[in-house]
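Have a look at coords-v7.cif; it's mmCIF, C-alpha atoms and all ligand atoms:
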data_entry
loop_
_atom_site.label_atom_id
_atom_site.label_comp_id
_atom_site.auth_asym_id
_atom_site.auth_seq_id
_atom_site.Cartn_x
_atom_site.Cartn_y
_atom_site.Cartn_z
CA MET A 1 25.63 20.29 -2.76
CA ASP A 2 24.18 19.21 -6.10
CA PRO A 3 22.64 22.41 -7.61
CA ARG A 4 20.18 20.31 -9.59
CA VAL A 5 18.41 19.39 -6.34
CA ASN A 6 17.86 23.04 -5.50
CA ASP A 7 16.45 23.61 -8.99
CA ILE A 8 14.07 20.68 -8.58
CA VAL A 9 12.77 21.97 -5.25
CA VAL A 10 12.25 25.46 -6.69
CA ARG A 11 10.49 24.02 -9.74
CA CYS A 12 8.19 21.89 -7.60
CA MET A 13 7.38 24.90 -5.44
CA CYS A 14 6.51 26.94 -8.54
CA ASP A 15 4.11 24.16 -9.60
CA MET A 16 2.59 24.20 -6.13
CA GLY A 17 2.21 27.96 -6.33
CA GLU A 18 0.30 27.68 -9.58
CA ARG A 19 -1.84 24.80 -8.41
CA TYR A 20 -2.81 26.31 -5.07
CA GLY A 21 -2.68 30.00 -6.03
CA LEU A 22 0.08 30.80 -3.54
CA ASP A 23 1.64 34.23 -3.30
CA LEU A 24 5.32 33.49 -3.89
CA GLY A 25 6.32 37.15 -4.12
CA GLY A 26 9.26 37.35 -6.51
CA GLY A 27 9.29 33.58 -6.93
CA PRO A 28 10.37 30.89 -4.50
CA MET A 29 13.67 31.68 -2.77
CA ARG A 30 15.80 29.69 -0.38
CA GLU A 31 14.41 31.78 2.46
CA THR A 32 10.78 31.15 1.52
CA LEU A 33 9.12 29.59 4.56
CA LEU A 34 7.09 26.48 3.84
CA PHE A 35 5.47 25.47 7.05
CA GLY A 36 4.67 26.88 10.46
CA GLU A 37 3.24 30.24 11.46
CA SER A 38 4.31 32.29 8.45
CA GLY A 39 4.72 29.34 6.09
CA LEU A 40 2.93 29.16 2.76
CA LEU A 41 1.68 25.60 2.94
CA ASP A 42 -0.85 23.74 5.01
CA SER A 43 -0.11 20.15 5.99
CA VAL A 44 -1.59 18.68 2.80
CA GLY A 45 0.33 21.19 0.72
CA LEU A 46 3.56 20.22 2.45
CA VAL A 47 2.87 16.51 1.86
CA SER A 48 2.23 17.25 -1.82
CA LEU A 49 5.47 19.21 -2.16
CA ILE A 50 7.55 16.51 -0.47
CA VAL A 51 6.07 13.77 -2.65
CA ALA A 52 6.59 15.87 -5.78
CA VAL A 53 10.25 16.53 -4.89
CA GLU A 54 10.85 12.79 -4.26
CA GLN A 55 9.34 11.92 -7.64
CA GLU A 56 11.17 14.61 -9.59
CA ILE A 57 14.49 13.60 -8.05
CA GLU A 58 13.78 10.03 -9.07
CA ASN A 59 12.79 11.08 -12.61
CA ASP A 60 15.62 13.54 -13.22
CA LEU A 61 18.50 12.13 -11.20
CA GLY A 62 17.51 8.46 -11.10
CA VAL A 63 17.93 8.38 -7.33
CA SER A 64 15.22 7.09 -5.03
CA ILE A 65 15.06 8.89 -1.69
CA VAL A 66 12.55 9.09 1.16
CA LEU A 67 12.48 12.66 2.44
CA ALA A 68 10.23 11.97 5.39
CA ASP A 69 12.65 9.58 7.06
CA GLU A 70 13.18 9.15 10.78
CA ARG A 71 16.02 11.60 10.93
CA ALA A 72 13.93 14.33 9.29
CA MET A 73 11.04 13.72 11.64
CA SER A 74 13.20 13.91 14.76
CA GLN A 75 15.32 16.97 13.95
CA LYS A 76 14.89 20.00 16.16
CA HIS A 77 14.85 22.31 13.15
CA SER A 78 12.60 20.64 10.61
CA PRO A 79 14.29 20.21 7.22
CA PHE A 80 10.90 21.13 5.77
CA ARG A 81 10.75 24.62 7.27
CA SER A 82 12.04 26.49 4.20
CA ILE A 83 12.92 25.90 0.56
CA GLY A 84 16.62 26.13 1.36
CA ALA A 85 16.41 23.67 4.25
CA LEU A 86 14.40 21.22 2.13
CA ALA A 87 16.85 21.49 -0.77
CA ASP A 88 19.85 20.96 1.52
CA TYR A 89 18.24 17.96 3.16
CA ALA A 90 17.25 16.42 -0.16
CA ALA A 91 20.76 17.01 -1.53
CA SER A 92 22.32 15.29 1.49
CA LEU A 93 20.10 12.23 0.92
CA VAL A 94 20.90 12.21 -2.79
CA SER A 95 24.65 12.30 -2.21
CA ALA A 96 24.34 9.56 0.44
CA GLU A 97 22.61 7.36 -2.15
CA GLN A 98 25.13 8.04 -4.94
CA MET B 1 -11.66 4.38 -21.69
CA ALA B 2 -8.03 3.45 -21.00
CA ALA B 3 -7.45 0.13 -19.26
CA PRO B 4 -7.33 0.53 -15.47
CA ILE B 5 -3.91 -0.15 -13.92
CA THR B 6 -4.20 -2.62 -11.06
CA LEU B 7 -1.42 -3.74 -8.72
CA ILE B 8 -2.00 -6.95 -6.76
CA THR B 9 0.54 -8.17 -4.21
CA GLY B 10 1.18 -11.85 -3.55
CA THR B 11 0.23 -13.09 -7.03
CA ARG B 12 2.41 -16.20 -7.35
CA LYS B 13 -0.33 -18.53 -6.04
CA GLY B 14 -3.55 -18.73 -4.05
CA ILE B 15 -6.04 -15.90 -4.01
CA GLY B 16 -3.57 -13.44 -5.55
CA ALA B 17 -3.02 -15.60 -8.65
CA HIS B 18 -6.78 -15.86 -9.09
CA LEU B 19 -7.19 -12.09 -8.71
CA ALA B 20 -4.53 -11.48 -11.36
CA ARG B 21 -6.35 -13.69 -13.86
CA HIS B 22 -9.71 -12.17 -12.96
CA TYR B 23 -8.64 -8.56 -13.51
CA VAL B 24 -6.70 -9.34 -16.68
CA ALA B 25 -9.90 -10.98 -17.97
CA LEU B 26 -11.80 -7.77 -17.12
CA GLY B 27 -9.37 -5.79 -19.27
CA HIS B 28 -7.17 -4.28 -16.56
CA ARG B 29 -3.43 -3.95 -17.03
CA VAL B 30 -2.30 -5.95 -14.02
CA HIS B 31 1.00 -5.74 -12.17
CA GLY B 32 1.79 -8.16 -9.39
CA CYS B 33 4.54 -9.16 -7.02
CA SER B 34 5.74 -11.98 -4.82
CA ARG B 35 9.10 -13.06 -3.45
CA LYS B 36 9.41 -15.86 -5.99
CA ALA B 37 8.46 -15.78 -9.68
CA PRO B 38 5.14 -17.44 -10.57
CA GLU B 39 5.08 -20.56 -12.71
CA TRP B 40 2.42 -19.03 -14.95
CA SER B 41 2.38 -16.01 -17.23
CA LEU B 42 -0.37 -14.05 -18.89
CA ASP B 43 -0.77 -11.37 -21.55
CA GLY B 44 -1.59 -8.13 -19.75
CA TYR B 45 0.20 -9.19 -16.59
CA THR B 46 3.63 -7.96 -15.45
CA HIS B 47 5.42 -9.60 -12.55
CA HIS B 48 7.81 -7.91 -10.14
CA GLU B 49 9.88 -9.94 -7.75
CA ALA B 50 9.51 -8.01 -4.52
CA ASP B 51 8.99 -8.73 -0.85
CA VAL B 52 6.26 -6.35 0.34
CA GLY B 53 8.10 -5.93 3.64
CA ASP B 54 11.22 -4.66 1.86
CA GLU B 55 10.80 -0.93 1.43
CA LYS B 56 13.53 -0.59 -1.17
CA ALA B 57 12.17 -3.37 -3.37
CA VAL B 58 8.64 -1.97 -3.10
CA ARG B 59 9.77 1.52 -4.07
CA GLN B 60 11.60 0.11 -7.08
CA MET B 61 8.43 -1.69 -8.15
CA PHE B 62 6.34 1.49 -7.88
CA ALA B 63 8.97 3.45 -9.81
CA ALA B 64 8.85 0.81 -12.57
CA ILE B 65 5.04 1.00 -12.72
CA ARG B 66 5.13 4.79 -12.77
CA LYS B 67 7.57 4.63 -15.67
CA SER B 68 5.69 2.09 -17.75
CA GLU B 69 2.07 3.07 -16.97
CA GLY B 70 2.23 6.63 -15.67
CA ARG B 71 -0.64 5.97 -13.27
CA LEU B 72 -2.08 3.50 -10.79
CA ASP B 73 -5.81 3.04 -10.27
CA HIS B 74 -6.07 0.10 -7.88
CA LEU B 75 -3.89 -1.49 -5.22
CA ILE B 76 -4.94 -4.84 -3.76
CA ASN B 77 -2.81 -5.72 -0.73
CA ASN B 78 -3.30 -9.47 -0.88
CA ALA B 79 0.18 -10.72 0.07
CA GLY B 80 -0.03 -12.34 3.47
CA ALA B 81 1.40 -14.99 5.71
CA ALA B 82 -0.14 -16.98 8.57
CA ALA B 83 1.04 -19.20 11.39
CA MET B 84 -0.96 -21.28 13.79
CA ASN B 85 0.48 -21.99 17.19
CA HIS B 86 -0.34 -21.70 20.84
CA PHE B 87 0.53 -18.19 21.98
CA MET B 88 2.99 -19.49 24.57
CA LEU B 89 4.83 -21.45 21.90
CA THR B 90 4.98 -18.72 19.25
CA PRO B 91 8.54 -17.58 18.51
CA THR B 92 9.14 -13.85 18.43
CA ALA B 93 10.62 -14.29 14.96
CA THR B 94 7.27 -15.66 13.75
CA ALA B 95 5.34 -12.72 15.16
CA GLU B 96 7.86 -10.35 13.60
CA LYS B 97 7.57 -12.01 10.19
CA LEU B 98 3.77 -11.85 10.24
CA LEU B 99 3.81 -8.19 11.22
CA ARG B 100 6.34 -7.39 8.52
CA THR B 101 4.45 -9.05 5.69
CA ASN B 102 0.85 -8.43 6.76
CA PHE B 103 1.04 -5.05 8.43
CA LEU B 104 4.21 -3.35 7.18
CA GLY B 105 3.74 -4.76 3.67
CA THR B 106 0.28 -3.19 3.51
CA PHE B 107 1.61 0.00 5.09
CA ILE B 108 4.51 0.49 2.67
CA CYS B 109 2.58 -0.45 -0.49
CA SER B 110 -0.37 1.77 0.47
CA ARG B 111 1.91 4.72 1.16
CA GLU B 112 3.70 4.43 -2.17
CA ALA B 113 0.39 3.92 -4.01
CA ALA B 114 -1.18 6.95 -2.31
CA LYS B 115 1.71 9.15 -3.47
CA GLN B 116 0.91 8.14 -7.03
CA MET B 117 -2.90 8.25 -6.73
CA LYS B 118 -2.94 11.63 -4.97
CA ASP B 119 -2.16 13.59 -8.13
CA GLN B 120 -4.76 11.65 -10.11
CA GLY B 121 -7.42 12.60 -7.58
CA SER B 122 -8.70 9.04 -7.50
CA GLY B 123 -7.66 5.56 -6.47
CA ARG B 124 -8.78 2.42 -4.72
CA ILE B 125 -6.89 0.49 -2.05
CA VAL B 126 -8.23 -2.87 -0.88
CA ASN B 127 -6.63 -4.62 2.09
CA PHE B 128 -6.89 -8.19 3.35
CA THR B 129 -7.95 -9.08 6.85
CA THR B 130 -9.54 -12.34 8.06
CA VAL B 131 -12.50 -13.61 10.05
CA ALA B 132 -9.91 -14.69 12.63
CA VAL B 133 -10.03 -11.06 13.88
CA PRO B 134 -13.74 -10.78 14.84
CA LEU B 135 -13.88 -14.45 15.89
CA ARG B 136 -10.82 -14.01 18.13
CA LEU B 137 -9.53 -17.39 17.00
CA ALA B 138 -7.43 -19.21 19.58
CA GLY B 139 -4.09 -20.29 18.13
CA GLU B 140 -3.86 -17.34 15.76
CA ALA B 141 -2.85 -14.55 18.13
CA ALA B 142 0.04 -13.18 16.06
CA TYR B 143 -1.79 -13.59 12.74
CA ALA B 144 -5.05 -12.06 13.98
CA ALA B 145 -3.22 -9.19 15.69
CA SER B 146 -1.31 -8.38 12.49
CA LYS B 147 -4.59 -8.33 10.55
CA ALA B 148 -6.34 -6.23 13.23
CA ALA B 149 -3.54 -3.73 12.63
CA VAL B 150 -4.35 -3.83 8.90
CA GLU B 151 -8.03 -3.13 9.62
CA GLU B 152 -7.28 -0.13 11.78
CA LEU B 153 -4.71 1.14 9.30
CA SER B 154 -7.40 0.97 6.60
CA ARG B 155 -9.88 2.96 8.67
CA VAL B 156 -7.39 5.71 9.45
CA LEU B 157 -6.10 5.82 5.85
CA ALA B 158 -9.70 6.18 4.66
CA ARG B 159 -9.79 9.46 6.58
CA GLU B 160 -6.34 10.71 5.59
CA LEU B 161 -6.67 9.83 1.90
CA GLY B 162 -10.34 10.68 1.42
CA GLU B 163 -9.61 14.22 0.31
CA PHE B 164 -7.53 12.87 -2.58
CA GLY B 165 -10.40 10.73 -3.86
CA ILE B 166 -8.75 7.53 -2.65
CA THR B 167 -10.91 4.93 -0.91
CA VAL B 168 -9.49 2.30 1.44
CA ASN B 169 -11.51 -0.79 2.36
CA SER B 170 -10.85 -4.29 3.65
CA ILE B 171 -12.11 -7.75 2.88
CA GLY B 172 -12.04 -10.48 5.52
CA PRO B 173 -12.33 -13.95 3.97
CA THR B 174 -13.39 -17.11 5.77
CA PRO B 175 -11.19 -20.18 5.19
CA ILE B 176 -10.53 -20.71 1.48
CA ASP B 177 -8.68 -23.74 0.15
CA THR B 178 -5.12 -22.45 -0.43
CA ASP B 179 -1.65 -23.32 0.89
CA LEU B 180 -2.18 -20.73 3.64
CA ILE B 181 -4.48 -23.03 5.61
CA ARG B 182 -3.10 -26.38 4.42
CA GLY B 183 -1.46 -27.05 7.80
CA ILE B 184 -4.60 -26.45 9.85
CA PRO B 185 -6.30 -29.68 11.06
CA LYS B 186 -9.70 -30.41 9.48
CA GLU B 187 -11.57 -30.38 12.79
CA LYS B 188 -10.27 -26.88 13.52
CA ILE B 189 -11.58 -25.67 10.15
CA ASP B 190 -14.95 -27.39 10.77
CA GLN B 191 -15.24 -25.70 14.17
CA LEU B 192 -14.53 -22.37 12.52
CA LEU B 193 -17.13 -22.92 9.80
CA GLN B 194 -19.71 -23.61 12.51
CA GLN B 195 -19.12 -20.12 13.91
CA GLN B 196 -20.04 -18.50 10.58
CA ALA B 197 -23.64 -17.58 9.67
CA LEU B 198 -23.16 -19.61 6.50
CA HIS B 199 -21.30 -22.84 7.23
CA ARG B 200 -19.14 -23.39 4.18
CA MET B 201 -15.63 -22.63 2.91
CA GLY B 202 -15.18 -19.46 0.88
CA THR B 203 -14.31 -19.49 -2.82
CA PHE B 204 -12.11 -17.29 -4.97
CA ASP B 205 -15.27 -15.89 -6.56
CA ASP B 206 -16.61 -14.86 -3.14
CA VAL B 207 -13.47 -12.74 -2.75
CA THR B 208 -13.48 -11.20 -6.23
CA ASN B 209 -17.16 -10.28 -5.86
CA VAL B 210 -16.41 -8.07 -2.84
CA ILE B 211 -13.30 -6.56 -4.40
CA ASP B 212 -15.18 -5.84 -7.63
CA PHE B 213 -17.66 -3.90 -5.51
CA PHE B 214 -14.92 -1.85 -3.80
CA LEU B 215 -13.25 -1.07 -7.15
CA ARG B 216 -16.40 0.02 -9.01
CA PRO B 217 -16.47 3.74 -9.88
CA GLU B 218 -19.92 3.82 -8.25
CA SER B 219 -18.30 2.86 -4.91
CA ALA B 220 -16.52 6.22 -4.61
CA PHE B 221 -18.57 6.95 -1.45
CA VAL B 222 -17.67 3.65 0.25
CA THR B 223 -14.51 3.85 2.37
CA GLY B 224 -13.11 2.71 5.70
CA GLN B 225 -15.28 -0.43 5.60
CA THR B 226 -14.49 -4.06 6.33
CA ILE B 227 -16.62 -6.75 4.71
CA TYR B 228 -16.33 -10.25 6.17
CA LEU B 229 -17.46 -13.23 4.16
CA GLY B 230 -19.76 -15.92 5.49
CA GLY B 231 -21.80 -13.65 7.72
CA VAL B 232 -19.18 -13.36 10.45
N1 LIG C 301 -6.83 -18.78 2.44
C1 LIG C 301 -7.54 -18.40 3.49
O1 LIG C 301 -8.21 -19.22 4.11
C2 LIG C 301 -7.56 -16.97 3.92
C3 LIG C 301 -8.50 -16.58 4.89
C4 LIG C 301 -8.53 -15.25 5.32
C5 LIG C 301 -7.64 -14.33 4.78
N2 LIG C 301 -6.74 -14.73 3.85
C6 LIG C 301 -5.80 -13.72 3.34
O2 LIG C 301 -5.80 -13.76 1.93
C7 LIG C 301 -4.52 -13.34 1.43
C8 LIG C 301 -4.01 -14.36 0.41
O3 LIG C 301 -3.87 -15.61 1.04
P1 LIG C 301 -3.74 -17.00 0.26
O4 LIG C 301 -4.65 -17.94 0.93
O5 LIG C 301 -3.82 -16.78 -1.18
O6 LIG C 301 -2.23 -17.39 0.70
P2 LIG C 301 -1.14 -18.28 -0.06
O7 LIG C 301 -1.79 -19.30 -0.92
O8 LIG C 301 -0.20 -18.73 1.00
O9 LIG C 301 -0.40 -17.22 -1.01
C9 LIG C 301 0.28 -16.14 -0.47
C10 LIG C 301 0.82 -15.31 -1.63
O10 LIG C 301 1.48 -14.17 -1.10
C11 LIG C 301 2.83 -14.14 -1.52
N3 LIG C 301 3.65 -13.60 -0.43
C12 LIG C 301 3.79 -14.09 0.83
N4 LIG C 301 4.62 -13.32 1.54
C13 LIG C 301 5.00 -12.30 0.72
C14 LIG C 301 5.88 -11.19 0.87
N5 LIG C 301 6.51 -10.95 2.03
N6 LIG C 301 6.04 -10.35 -0.18
C15 LIG C 301 5.40 -10.58 -1.35
N7 LIG C 301 4.57 -11.62 -1.54
C16 LIG C 301 4.38 -12.47 -0.52
C17 LIG C 301 3.18 -15.57 -1.89
O11 LIG C 301 4.20 -15.67 -2.87
P3 LIG C 301 5.77 -15.85 -2.47
O12 LIG C 301 5.84 -16.97 -1.51
O13 LIG C 301 6.47 -16.11 -3.78
O14 LIG C 301 6.19 -14.55 -1.87
C18 LIG C 301 1.85 -16.06 -2.46
O15 LIG C 301 1.71 -15.68 -3.81
C19 LIG C 301 -3.63 -13.20 2.66
O16 LIG C 301 -3.54 -11.84 3.02
C20 LIG C 301 -4.37 -13.97 3.73
O17 LIG C 301 -4.08 -13.51 5.02
C21 LIG C 301 -6.69 -16.03 3.40
#
Full structure transcribed into structure tokens:
Amino acid sequence: MDPRVNDIVVRCMCDMGERYGLDLGGGPMRETLLFGESGLLDSVGLVSLIVAVEQEIENDLGVSIVLADERAMSQKHSPFRSIGALADYAASLVSAEQ
Amino acid sequence: MAAPITLITGTRKGIGAHLARHYVALGHRVHGCSRKAPEWSLDGYTHHEADVGDEKAVRQMFAAIRKSEGRLDHLINNAGAAAMNHFMLTPTATAEKLLRTNFLGTFICSREAAKQMKDQGSGRIVNFTTVAVPLRLAGEAAYAASKAAVEELSRVLARELGEFGITVNSIGPTPIDTDLIRGIPKEKIDQLLQQQALHRMGTFDDVTNVIDFFLRPESAFVTGQTIYLGGV
């Protein structure tokens, strides 16, 4: 997995934390839950994070991906449940595009 | 104030070409697209060759605009296609093509625009429908259905995007003299004009007047609306 993708997701989550005053504890970690019962984000927050990650990946890596694709929407375990899951999913799309 | 950035789809000819000239004249920086390159060019106008129904091409266009302008204030989803035929003689491929350009084109462009406008906290999206929807015009089932989908999309988007300061409205023109209606027999057009409150063809200026209204900063509280021309 491309470590730059993980860095981008973490950076975007830090921005979100600042913007929405989220309590990220010791900073965003792979285990940090994004959505669902104990997740940090509401639905608009999640949309904002996903869009930010898409744009940063395009800016930094020059790869255009759509995170909310059909596969993501139909998976039993949402790739948007945690930072780690989101980073892994984004990295898989990036490597498929490269 | 910085020049507003305005993206208009379907600018090669017809209403879209007029809109491009109009907003350049008003001082906007205008971007436009169509499948083929236009035969005209204009200072302040940038063309992108993109089919609005082609997600990849549309995303490339938005990335290019983001790179060169850094923002997007207005999206006018003008690109459209029509076909007139008895329902029983309408090929599935025709219905599919109309849905792809009219509905999916509006869908994809609006989604990509909203992603950009969201962070700005403001934006205007204007979609194109037609009087063929409220008049339930016989012979235009696939076209009218694709535009009815655009109208409903606009109303729902108005709700979903409202919290980001983005308004979404539609304009529904009456017949206007462009290639789009060139194949329609004159008596059909005359019958249609008789069903309007005001019995004349529409003009490009009738269209820009309504879009100007939707784009005005003062219209920030107007969203989810459809304005038909001609009193339909
Ligand atoms: N004229 C009327 O009477 C009338 C009435 C009601 C509503 N409208 C609506 O007004 C809008 C403009 O119509 P018009 O009369 O100006 O039509 P037009 O003269 O046929 O022009 C259509 C424009 O859209 C572009 N276009 C078509 N398909 C496209 C695609 N898939 N991707 C990108 N661009 C595409 C065309 O360029 P390329 O061929 O190079 O792609 C052209 O520039 C349409 O949405 C139409 O439904 C028109």
Interface residues on chain A facing chain B, 9 Å, all atoms listed in the file, written as a count of residues only: 7
field: Sphere at (12.9, -5.0, -1.9), radius 12 Å, counting only C-alpha atoms: residues as a PyMOL selection string
entry: chain B and resi 33-35+48-62+105+108-109
Neighbourhood of ligand LIG 301 (chain C) at 8 Å, counting all atoms listed in the file, reported as a VMD selection string: chain B and resid 9 to 17 33 to 38 49 to 54 77 to 82 100 to 102 105 127 to 132 147 172 to 181 202
query: Leaving out B:Gly44 and any residue of its chain fewer than 6 positions from it, which residues lie within 12 Å of it when counting all atoms listed in the file, given as a PyMOL selection string?
result: chain B and resi 3-7+20-32
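If you look at atom CA of B:Gln195 and atom CA of B:Arg155, they are 25.4 Å away from each other.
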task: Could you give me, as an NGL selection string, the residues that have an atom at most 10 Å away from the point (29.5, 16.2, -1.9) in the coordinates of the file, using all atoms listed in the file?
output: :A and (1-2 or 91-92 or 94-96 or 98)
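For the set A:Leu67, A:Met73, A:Pro79, A:Gly36, the residue with the smallest atom-to-atom gap to A:Leu93 is A:Leu67, counting only C-alpha atoms.
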Near-A:Ser38 list (12 Å; only C-alpha atoms; drop same-chain fewer than 5 positions) as a VMD selection string: chain A and resid 31 to 33 81 to 82
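Relative to atom CA of A:Asp88, atom CA of A:Ala72 is found at 11.8 Å.
What separates atom CA of A:Ile83 from atom CA of B:Gln120 is a distance of 25.1 Å.
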query: Can you tell me, as number ranges by chain, what residues are no more than 12 Å from A:Leu34 when counting only C-alpha atoms, ignoring any on the same chain fewer than 5 positions away?
result: A: 9-10, 13, 16-17, 22-24, 28-29, 39-50, 78-87
message: Using all atoms listed in the file, which protein or nucleic acid residues come within 6 Å of B:Ile76? Drop anything in the same chain fewer than 5 positions from it, and give the result as a VMD selection string.
response: chain B and resid 8 125 to 126
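Take the candidates B:Arg182, B:Arg159, B:Arg216, B:Arg71 and check each one against B:Ala83 using all atoms listed in the file; the shortest distance goes to B:Arg182.
The nearest approach to A:His77 among the residues A:Tyr89, A:Asn6, A:Glu54, A:Asp15, with all atoms listed in the file taken into account, belongs to A:Tyr89.
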message: Which residues are near stretch 168-170 of chain B? Cut-off 9 Å, all atoms listed in the file, ignore same chain within fewer than 6 positions. Put them as a PyMOL selection string.
response: chain B and resi 123-129+150-151+154-159+161-162+211+214+222-228
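Remark: for B:Gln191, the closest of the candidate residues B:Glu96, B:Phe103, B:Leu135, B:Asp73 is B:Leu135 (distances computed over all atoms listed in the file).
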